[in-house]
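Student: First the structure, which I've put down as structure tokens, then a few questions once you've had a look.
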Amino acid sequence: MMLEVKNVSVEVSGRLILQGVDMHIRKGEVVVLFGPNGSGKSTLLKTIMGFEGYKVISGEILLGETRIDGLPVEERVKLGLGLMYQHPPQVRGVKLAQIAGRLSGNAGLIKEMSERLSLSSHLSRDINMGFSGGEMKRSELFQLILQDPGLLLLDEPESGVDLENISVMGKVLDGYLKEEGKSALIITHTGYILDYINARKGCVMIDGKMWCVGRPKEIFENIRERGYDKCMGCDDRAQSAR
């Protein structure tokens with residue numbers, strides 16, 4: 001396994017957000033996570049990354065054979081975790097080219113990815129300063145790929161982005177995942193990313209719990225037609241994300 005989340009419950013500011021979450025991701029597997037706003041999806045990603053304020057009160061998280069809950073963020077990054085933010089920060093005074101050079105010593109890869117993501121002219125600019133929504137998301141994906149993590153965590157990569165940008169990011173992401181054999185956990189609301197990535201497993205989170213698992217496109221169509229209430233009665237509830 002690349003990642004195992006075992007019966008994990010999480011508190012944020014004293015409030016219980018995740019309740020006994022179980023899921024796993026195999027090496028080379030891409031998993032898509034659905035759920036209504038406020039259901040705990042982003043909390044799960046931030047908990048896996050080890051962000052401050054996300055307190056694991058029960059259960060454990062394993063990356064490979066290493067238990068990572070309790071480890072600081074930097075140690076988890078060294079072990080192979082990488083996150084693409086839903087709302088990327090702006091960093092004044094640091095050029096995109098500077099962070100690219102810190103993330104990767106491969107000048108050829110930096111040039112290739114900046115061209116494929118239409119960011120060549122952005123390398124001399126401060127990170128995300130004055131960037132459009134699509135440019136910010138492309139910049140985030142660019143940095144994540146240069147980091148070269150074993151497990152990519154992507155929090156709504158198509159949120160606030162037009163279809164042209166989604167197409168560019170989706171094709172680059174899919175090619176990278178396939179060529180490098182990477183694992184990924186991707187949160188989506190719109191489902192647009194499903195047109196580009198080869199994901200075979202989807203999960204639904206509602207009220208901090210995993211409710212069902214299945215084929216991502218089938219789950220998404222069911223949500224569009226019948227809403228999330230039907231997911232709570234799904235016969236696959238017992239299987240969760242196993």
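Ligands are numbered from 1 in the order shown, chains are lettered A, B, ... in the order of the structure tokens, and residues start at 1 in each chain.
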Could you give me the residues within stretch 136-190 of chain A that DSSP places in strand (DSSP E or B), as JSON, numbers by chain?
Tutor: {"A": [151, 152, 153, 154, 155, 183, 184, 185, 186, 187]}
Student: Would you mind listing what lies within 7 Å of stretch 185-195 of chain A as JSON, numbers by chain, with only C-alpha atoms counted and same-chain residues fewer than 6 positions away left out?
Tutor: {"A": [30, 31, 32, 33, 34, 152, 153, 154, 155, 156, 158, 170, 220]}
Student: Looking only at alpha helix (DSSP H) from DSSP on the backbone, list the matching residues of stretch 26-242 of chain A as an MDAnalysis selection string.
Tutor: chainID A and resid 41:49 73:79 96:103 107:116 133:147 163:180 216:226
Student: Would you kindly return, as a PyMOL selection string, each protein, DNA or RNA residue with an atom no farther than 12 Å from any atom of A:Gly181, considering only C-alpha atoms and excluding same-chain residues fewer than 3 positions away?
Tutor: chain A and resi 2+26-30+148-152+173-178+184+198
Student: Which of these, A:His87, A:Pro216, A:Lys95, A:Met210, has the shortest distance to A:Lys6 once you count only C-alpha atoms?
Tutor: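 For A:Lys6, the nearest of the candidates is A:Met210.
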Student: Stretch 124-138 of chain A: which residues within 10 Å, counting only C-alpha atoms, same-chain residues fewer than 4 positions away excluded, as a count of residues only?
Tutor: 39
Student: Restricting the calculation to only C-alpha atoms: of A:Ser183, A:Ile57, A:Ile48, A:Ala100, which residue gets closest to A:Val77?
Tutor: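 Closest candidate: A:Ile48.
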Student: Out of A:Ile17, A:Leu123, A:Met113, A:Ile25, which residue has the shortest atom-to-atom distance to A:Arg200 when counting only C-alpha atoms?
Tutor: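 The answer is A:Ile25, which sits nearest to A:Arg200.
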Student: Enter the distance from atom CA of A:Thr47 to atom CA of A:Gly105, in Å, rounded to one decimal.
Tutor: 29.2 Å
Student: Give me the residues near stretch 49-51 of chain A as a list in words, where near means some atom within 8 Å (using only C-alpha atoms) and where sequence neighbours in that chain fewer than 5 positions away do not count.
Tutor: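 So the residues in contact are Asp69, Gly70, Leu71, Pro72, Val73, Arg76, Val77, Leu81, Gly82 and Leu83 of chain A.
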Student: Which residue, A:Arg226, A:Lys55, A:Lys41, A:Arg67, has the smallest gap to A:Val204 when you use only C-alpha atoms?
Tutor: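 That would be A:Lys41, the residue with the smallest distance to A:Val204.
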Student: One decimal, Å: what's the distance from atom CA of A:Ile206 over to atom CA of A:Gly80, could you say?
Tutor: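 Those two atoms sit 27.7 Å apart.
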